[in-house]
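Participant: I'm passing along data-v4.cif; it holds mmCIF, C-alpha atoms.
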data_protein
loop_
_atom_site.label_atom_id
_atom_site.label_comp_id
_atom_site.auth_asym_id
_atom_site.auth_seq_id
_atom_site.Cartn_x
_atom_site.Cartn_y
_atom_site.Cartn_z
CA MET P 179 -31.00 20.02 29.66
CA THR P 180 -29.06 17.06 28.33
CA THR P 181 -27.19 17.01 25.05
CA PRO P 182 -28.50 14.32 22.69
CA ASN P 183 -26.04 11.62 21.75
CA PRO P 184 -24.73 11.74 18.17
CA PRO P 185 -26.52 9.29 15.86
CA ASN P 186 -24.97 5.89 15.28
CA SER P 187 -25.19 4.10 11.94
CA PRO P 188 -24.61 0.30 11.73
CA THR P 189 -23.43 0.76 8.14
CA VAL P 190 -20.84 3.31 9.21
CA VAL P 191 -19.72 1.11 12.11
CA SER P 192 -19.23 -1.83 9.75
CA ALA P 193 -17.32 0.32 7.25
CA ARG P 194 -15.09 1.71 9.99
CA ASP P 195 -14.27 -1.76 11.31
CA ARG P 196 -13.29 -2.88 7.82
CA LEU P 197 -11.09 0.17 7.27
CA MET P 198 -9.40 -0.23 10.65
CA ARG P 199 -8.39 -3.77 9.71
CA SER P 200 -6.96 -2.56 6.40
CA GLY P 201 -4.12 -0.62 8.04
CA LEU P 202 -4.95 2.37 5.80
CA TYR P 203 -7.46 4.23 7.98
CA LEU P 204 -6.48 7.80 8.86
CA GLY P 205 -8.40 7.51 12.12
CA ASP P 206 -5.62 5.23 13.39
CA PRO P 207 -2.47 7.35 14.06
CA SER P 208 -0.38 4.19 14.56
CA ILE P 209 -0.31 3.64 10.78
CA CYS P 210 2.19 6.50 10.31
CA SER P 211 5.16 4.22 10.88
CA ASN P 212 4.05 2.03 7.98
CA PHE P 213 4.56 4.74 5.36
CA GLN P 214 7.31 7.04 4.14
CA TRP P 215 7.71 9.93 1.72
CA LEU P 216 9.46 9.19 -1.56
CA ARG P 217 10.87 12.02 -3.66
CA GLU P 218 9.31 12.03 -7.12
CA GLY P 219 10.26 14.82 -9.51
CA ARG P 220 9.65 18.12 -7.76
CA GLY P 221 7.27 16.62 -5.23
CA HIS P 222 6.88 13.74 -2.80
CA MET P 223 4.77 10.60 -2.86
CA LEU P 224 3.59 8.67 0.20
CA VAL P 225 4.42 4.97 -0.14
CA HIS P 226 4.53 1.87 2.03
CA VAL P 227 7.73 1.28 3.97
CA PRO P 228 9.43 -1.58 2.09
CA GLU P 229 9.48 -4.88 3.90
CA PRO P 230 12.94 -6.35 4.49
CA ALA P 231 14.13 -8.73 1.82
CA SER P 232 13.96 -12.38 2.72
CA GLU P 233 17.22 -13.89 3.84
CA VAL P 234 18.71 -16.78 1.91
CA ILE P 235 20.15 -19.53 4.09
CA PRO P 236 23.14 -21.10 2.33
CA ASN P 237 22.61 -24.76 1.52
CA PRO P 238 25.72 -26.91 2.01
CA SER P 239 24.73 -29.11 -0.91
CA ALA P 240 24.48 -26.19 -3.33
CA PRO P 241 27.34 -25.89 -5.85
CA THR P 242 29.77 -23.04 -5.30
CA SER P 243 30.91 -22.78 -8.91
CA VAL P 244 29.56 -23.39 -12.38
CA ASP P 245 29.78 -27.08 -13.13
CA ASP P 246 27.97 -28.96 -15.88
CA ASP P 247 27.62 -32.00 -13.63
CA ALA P 248 26.52 -30.09 -10.54
CA GLU P 249 22.98 -30.53 -9.28
CA VAL P 250 21.15 -27.68 -7.57
CA ASP P 251 19.00 -28.48 -4.54
CA SER P 252 15.38 -27.90 -5.60
CA ASP P 253 14.61 -26.39 -2.17
CA LEU P 254 17.11 -23.57 -2.67
CA LYS P 255 15.20 -20.47 -3.75
CA PRO P 256 16.55 -17.15 -5.02
CA ASP P 257 16.57 -14.09 -2.82
CA VAL P 258 13.21 -12.48 -3.64
CA PRO P 259 12.41 -9.21 -1.82
CA LEU P 260 9.04 -9.10 -0.12
CA SER P 261 8.54 -5.39 -0.76
CA GLN P 262 6.32 -4.25 -3.61
CA PRO P 263 7.24 -1.60 -6.21
CA ASN P 264 6.80 1.96 -4.96
CA GLU P 265 3.20 2.93 -5.57
CA PRO P 266 1.20 5.77 -4.02
CA ALA P 267 -0.45 4.78 -0.75
CA ILE P 268 -4.26 4.89 -0.90
CA LEU P 269 -5.43 5.94 2.56
CA SER P 270 -9.05 6.02 3.71
CA VAL P 271 -11.26 8.12 5.94
CA ILE P 272 -14.97 8.58 6.66
CA VAL P 273 -15.90 12.27 6.55
CA ARG P 274 -18.66 14.59 5.43
CA ILE P 275 -18.34 16.67 2.27
CA ASP P 276 -19.05 20.21 3.41
CA ARG P 277 -21.63 22.16 1.44
CA ASP P 278 -19.38 25.24 1.71
CA ASP P 279 -16.36 25.57 -0.57
CA PHE P 280 -17.63 22.81 -2.83
CA TRP P 281 -15.94 22.95 -6.23
CA LEU P 282 -15.96 19.25 -7.08
CA MET P 283 -17.72 19.83 -10.37
CA ALA P 284 -16.37 18.30 -13.57
CA ASP P 285 -14.50 21.50 -14.41
CA GLY P 286 -14.18 22.88 -10.88
CA GLY P 287 -16.68 25.62 -11.72
CA TYR P 288 -14.25 27.20 -14.18
CA LEU P 289 -15.72 30.37 -15.71
CA GLY P 290 -12.62 31.50 -17.58
CA PRO P 291 -9.15 32.90 -16.79
CA ASN P 292 -8.95 34.54 -13.36
CA ASN P 293 -6.57 35.12 -10.44
CA VAL P 294 -6.90 31.49 -9.27
CA CYS P 295 -6.77 29.70 -12.63
CA LYS P 296 -4.90 31.41 -15.44
CA ASP P 297 -6.32 28.83 -17.85
CA ILE P 298 -8.34 25.62 -17.75
CA LEU P 299 -5.18 23.55 -17.29
CA ASP P 300 -4.85 25.02 -13.78
CA VAL P 301 -8.26 23.69 -12.73
CA LYS P 302 -8.26 21.25 -9.81
CA PRO P 303 -11.77 20.33 -8.60
CA SER P 304 -11.88 20.54 -4.81
CA CYS P 305 -14.08 20.31 -1.74
CA ALA P 306 -13.87 20.71 2.03
CA LEU P 307 -14.14 17.65 4.29
CA SER P 308 -15.43 17.93 7.85
CA ASN P 309 -16.56 15.88 10.83
CA PRO P 310 -19.18 13.34 9.68
CA GLY P 311 -21.33 13.81 12.80
CA LEU P 312 -21.91 10.06 13.24
CA GLU P 313 -20.35 7.85 15.87
CA PRO P 314 -17.89 6.23 16.10
CA VAL P 315 -16.24 8.11 13.22
CA MET P 316 -17.20 11.44 14.79
CA SER P 317 -14.74 10.73 17.59
CA ASP P 318 -12.16 9.62 15.01
CA PHE P 319 -12.05 13.00 13.27
CA PRO P 320 -9.54 14.64 15.68
CA LEU P 321 -7.35 11.54 15.21
CA VAL P 322 -7.66 11.92 11.43
CA LEU P 323 -6.30 15.47 11.72
CA GLN P 324 -3.56 14.22 14.04
CA THR P 325 -2.51 11.54 11.55
CA LEU P 326 -2.49 14.01 8.66
CA GLN P 327 -0.44 16.39 10.78
CA GLN P 328 2.15 13.69 11.46
CA PHE P 329 2.38 12.82 7.77
CA THR P 330 2.79 16.42 6.60
CA GLN P 331 5.39 17.25 9.26
CA ARG P 332 7.50 14.33 8.06
CA CYS P 333 7.45 15.57 4.46
CA VAL P 334 10.39 17.98 4.51
CA THR P 335 12.65 18.87 1.59
CA PRO P 336 16.35 18.38 2.48
CA GLY P 337 17.82 21.66 3.68
CA PHE P 338 14.51 22.96 5.00
CA SER P 339 12.72 22.60 8.33
CA SER P 340 9.17 21.49 9.00
CA GLY P 341 6.69 24.35 9.24
CA LYS P 342 3.28 24.56 10.89
CA SER P 343 0.97 21.88 9.57
CA PHE P 344 -2.34 22.79 7.94
CA PHE P 345 -3.83 20.01 10.07
CA SER P 346 -3.20 21.59 13.46
CA VAL P 347 -5.07 19.84 16.27
CA ASP P 348 -5.01 22.72 18.77
CA GLN P 349 -8.13 24.65 19.74
CA ASN P 350 -7.66 27.13 16.92
CA GLY P 351 -6.76 24.43 14.44
CA ALA P 352 -8.56 23.12 11.40
CA ARG P 353 -12.16 21.93 11.74
CA ARG P 354 -12.09 20.67 8.17
CA PHE P 355 -9.56 20.14 5.42
CA LYS P 356 -9.46 20.50 1.66
CA LEU P 357 -9.30 17.77 -0.95
CA ARG P 358 -8.13 18.53 -4.48
CA HIS P 359 -8.25 16.36 -7.59
CA ILE P 360 -5.72 16.62 -10.43
CA LEU P 361 -7.90 16.82 -13.52
CA PHE P 362 -5.30 16.69 -16.30
CA GLU P 363 -2.27 14.46 -16.80
CA SER P 364 0.39 15.12 -19.41
CA LEU P 365 0.78 12.41 -22.03
CA ASP P 366 4.54 12.89 -21.65
CA SER P 367 4.35 11.21 -18.24
CA HIS P 368 3.64 7.94 -20.05
CA SER P 369 6.39 8.28 -22.64
CA GLU P 370 8.95 9.02 -19.90
CA ASP P 371 8.17 5.60 -18.44
CA GLY P 372 8.70 3.95 -21.80
CA ASP P 373 4.98 3.74 -22.51
CA THR P 374 3.22 5.12 -25.53
CA TRP P 375 -0.19 6.65 -25.04
CA ASP P 376 -2.86 6.65 -27.68
CA ALA P 377 -5.61 9.09 -26.73
CA THR P 378 -8.12 7.09 -28.77
CA VAL P 379 -7.60 3.96 -26.68
CA GLN P 380 -9.45 5.23 -23.63
CA THR P 381 -12.05 7.55 -25.10
CA THR P 382 -13.75 8.38 -28.37
CA ALA P 383 -15.44 11.60 -29.41
CA THR P 384 -18.80 10.19 -28.31
CA ASP P 385 -17.57 8.95 -24.92
CA ALA P 386 -18.95 10.65 -21.79
CA TYR P 387 -15.36 11.02 -20.55
CA SER P 388 -14.03 12.56 -23.77
CA PHE P 389 -12.85 16.14 -24.27
CA GLU P 390 -15.79 16.65 -26.63
CA HIS P 391 -18.41 15.70 -24.02
CA TRP P 392 -16.73 16.64 -20.74
CA PRO P 393 -19.23 18.85 -18.83
CA LEU P 394 -18.32 22.53 -18.59
CA THR P 395 -19.83 25.28 -16.48
CA LYS P 396 -19.52 27.57 -19.49
CA GLU P 397 -19.66 25.94 -22.92
CA ARG P 398 -17.68 28.84 -24.33
CA ASN P 399 -14.58 27.24 -22.73
CA ARG P 400 -14.89 24.12 -24.93
CA ALA P 401 -12.25 25.33 -27.42
CA GLU P 402 -9.79 25.91 -24.58
CA LEU P 403 -10.41 22.37 -23.33
CA LEU P 404 -10.10 20.80 -26.79
CA ALA P 405 -6.73 22.52 -27.25
CA LEU P 406 -5.35 20.14 -24.58
CA LYS P 407 -6.50 16.96 -26.32
CA ASN P 408 -3.21 16.09 -28.05
CA THR P 409 -0.99 16.71 -25.03
CA TYR P 410 -3.11 15.80 -21.99
CA ARG P 411 -5.70 13.31 -20.87
CA ILE P 412 -8.57 13.86 -18.46
CA LEU P 413 -8.50 12.02 -15.14
CA PRO P 414 -12.08 11.40 -13.96
CA LEU P 415 -12.81 11.54 -10.25
CA PRO P 416 -12.25 8.08 -8.72
CA ALA P 417 -15.82 8.16 -7.39
CA TYR P 418 -18.04 5.08 -7.60
CA ASP P 419 -21.74 4.39 -7.09
CA ASN P 420 -23.35 1.63 -4.99
CA THR P 421 -22.77 -0.91 -7.77
CA ASN P 422 -19.06 -0.01 -7.89
CA ASP P 423 -19.37 1.67 -11.29
CA LEU P 424 -17.43 4.85 -12.03
CA ILE P 425 -19.71 7.87 -11.67
CA GLN P 426 -19.99 9.80 -14.91
CA PRO P 427 -18.79 13.42 -14.87
CA SER P 428 -22.30 14.72 -15.62
CA ALA P 429 -23.31 13.51 -12.13
CA TYR P 430 -20.53 15.29 -10.20
#
Could you render the structure from this file as structure tokens?
Facilitator:
Amino acid sequence: MTTPNPPNSPTVVSARDRLMRSGLYLGDPSICSNFQWLREGRGHMLVHVPEPASEVIPNPSAPTSVDDDAEVDSDLKPDVPLSQPNEPAILSVIVRIDRDDFWLMADGGYLGPNNVCKDILDVKPSCALSNPGLEPVMSDFPLVLQTLQQFTQRCVTPGFSSGKSFFSVDQNGARRFKLRHILFESLDSHSEDGDTWDATVQTTATDAYSFEHWPLTKERNRAELLALKNTYRILPLPAYDNTNDLIQPSAY
């Protein structure tokens, strides 16, 4: 009895080819050298490795001192670094959202204070991601785990050693991994950067993304959610439909 070959989807093949060219695909372990961990507050952020600054070649005709009569060669350009400001790296992967351990609802299925979430502020919607079961990305999945393992093993706080990665690729290792979404962001994070945040700018009381209309598993928790309105903002899932529109929380 022969084992049937895994299905192959032209759409998936096309998407994989595009992601491979982006240099951000987790199924390509060689991308690890292009990123580094940057300490941010009490945590770390994965960012691109800065490109070396461009070198300025001295121009013999350029003035060496300030002189009202001196003329500057128009071809002489200032030393402008090629690297971009440190921003979180957005990596990509093609996986299947597992039906088990699915808590990617608008409020993470929050029923009220419990051992996992002491209050609604602790809620982080999550889900488990597993092998998609379609080629060629099915064969990429072990490489995805390998890449994630390399990244996590390189994220070590000074003075500590690297422990066992959650993304072990041995026989007893992970067959899936968990994705969590930070649902609330403190408004203080904007003021610390010199920005001022007006909660009315992004949403109104009638907006589908507002505190007043954010879907809850239990409506009795609405007062607890509204209590966060003046100090936090809600971060919707960055999930988009086929027309590239943000999916509303009622459809999570």
Participant: Name the residues captured by the PyMOL selection byres ((chain P and resi 318) around 12) when it is applied to the shown file; answer as a list of chain:residue names.
Facilitator: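 Taken over the shown coordinates, the PyMOL selection byres ((chain P and resi 318) around 12) returns P:Val191, P:Arg194, P:Met198, P:Tyr203, P:Leu204, P:Gly205, P:Asp206, P:Pro207, P:Val271, P:Ile272, P:Val273, P:Ser308, P:Asn309, P:Pro310, P:Gly311, P:Leu312, P:Glu313, P:Pro314, P:Val315, P:Met316, P:Ser317, P:Phe319, P:Pro320, P:Leu321, P:Val322, P:Leu323, P:Gln324, P:Thr325.
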Participant: With the PyMOL selection byres ((chain P and resi 282-294) around 12) as the selection, what would be picked from this file? Answer as a PyMOL selection string, please.
Facilitator: chain P and resi 275-281+295-307+356-362+386-389+391-403+412-417+425-430
Participant: Generate a file of the selected residues that holds C-alpha atoms, formatted as a tab-separated table (two decimals), keeping the file's coordinate frame.
Facilitator:
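Okay, result.tsv is ready:
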chain	number	residue	atom	x	y	z
P	275	ILE	CA	-18.34	16.67	2.27
P	276	ASP	CA	-19.05	20.21	3.41
P	277	ARG	CA	-21.63	22.16	1.44
P	278	ASP	CA	-19.38	25.24	1.71
P	279	ASP	CA	-16.36	25.57	-0.57
P	280	PHE	CA	-17.63	22.81	-2.83
P	281	TRP	CA	-15.94	22.95	-6.23
P	295	CYS	CA	-6.77	29.70	-12.63
P	296	LYS	CA	-4.90	31.41	-15.44
P	297	ASP	CA	-6.32	28.83	-17.85
P	298	ILE	CA	-8.34	25.62	-17.75
P	299	LEU	CA	-5.18	23.55	-17.29
P	300	ASP	CA	-4.85	25.02	-13.78
P	301	VAL	CA	-8.26	23.69	-12.73
P	302	LYS	CA	-8.26	21.25	-9.81
P	303	PRO	CA	-11.77	20.33	-8.60
P	304	SER	CA	-11.88	20.54	-4.81
P	305	CYS	CA	-14.08	20.31	-1.74
P	306	ALA	CA	-13.87	20.71	2.03
P	307	LEU	CA	-14.14	17.65	4.29
P	356	LYS	CA	-9.46	20.50	1.66
P	357	LEU	CA	-9.30	17.77	-0.95
P	358	ARG	CA	-8.13	18.53	-4.48
P	359	HIS	CA	-8.25	16.36	-7.59
P	360	ILE	CA	-5.72	16.62	-10.43
P	361	LEU	CA	-7.90	16.82	-13.52
P	362	PHE	CA	-5.30	16.69	-16.30
P	386	ALA	CA	-18.95	10.65	-21.79
P	387	TYR	CA	-15.36	11.02	-20.55
P	388	SER	CA	-14.03	12.56	-23.77
P	389	PHE	CA	-12.85	16.14	-24.27
P	391	HIS	CA	-18.41	15.70	-24.02
P	392	TRP	CA	-16.73	16.64	-20.74
P	393	PRO	CA	-19.23	18.85	-18.83
P	394	LEU	CA	-18.32	22.53	-18.59
P	395	THR	CA	-19.83	25.28	-16.48
P	396	LYS	CA	-19.52	27.57	-19.49
P	397	GLU	CA	-19.66	25.94	-22.92
P	398	ARG	CA	-17.68	28.84	-24.33
P	399	ASN	CA	-14.58	27.24	-22.73
P	400	ARG	CA	-14.89	24.12	-24.93
P	401	ALA	CA	-12.25	25.33	-27.42
P	402	GLU	CA	-9.79	25.91	-24.58
P	403	LEU	CA	-10.41	22.37	-23.33
P	412	ILE	CA	-8.57	13.86	-18.46
P	413	LEU	CA	-8.50	12.02	-15.14
P	414	PRO	CA	-12.08	11.40	-13.96
P	415	LEU	CA	-12.81	11.54	-10.25
P	416	PRO	CA	-12.25	8.08	-8.72
P	417	ALA	CA	-15.82	8.16	-7.39
P	425	ILE	CA	-19.71	7.87	-11.67
P	426	GLN	CA	-19.99	9.80	-14.91
P	427	PRO	CA	-18.79	13.42	-14.87
P	428	SER	CA	-22.30	14.72	-15.62
P	429	ALA	CA	-23.31	13.51	-12.13
P	430	TYR	CA	-20.53	15.29	-10.20
Participant: One decimal, in Å: what's the spacing between atom CA of Asn264 of chain P and atom CA of Arg199 of chain P?
Facilitator: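 For atom CA of Asn264 of chain P relative to atom CA of Arg199 of chain P, the distance reads 21.9 Å.
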Participant: Using all atoms listed in the file, can you tell me which of P:Ser270, P:Ser211, P:Ser364, P:Asn408 comes closest to Phe329 of chain P?
Facilitator: P:Ser211
Participant: Can you pull out the residues contacting Leu224 of chain P? Cut-off 6 Å, using only C-alpha atoms, and skip same-chain residues under 3 positions away; I want them as a count of residues only.
Facilitator: 4
Participant: Could you check how far atom CA of Phe213 of chain P sits from atom CA of Arg332 of chain P, in Å to one decimal?
Facilitator: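 The value is 10.4 Å.
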Participant: Quick one: distance from atom CA of Thr421 of chain P to atom CA of Ser200 of chain P in Å, one decimal?
Facilitator: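 Separation of atom CA of Thr421 of chain P and atom CA of Ser200 of chain P: 21.3 Å.
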Participant: Which is closer to Leu269 of chain P than all the others in P:Val225, P:Cys210, P:Cys333, P:Leu202, using all atoms listed in the file?
Facilitator: P:Leu202
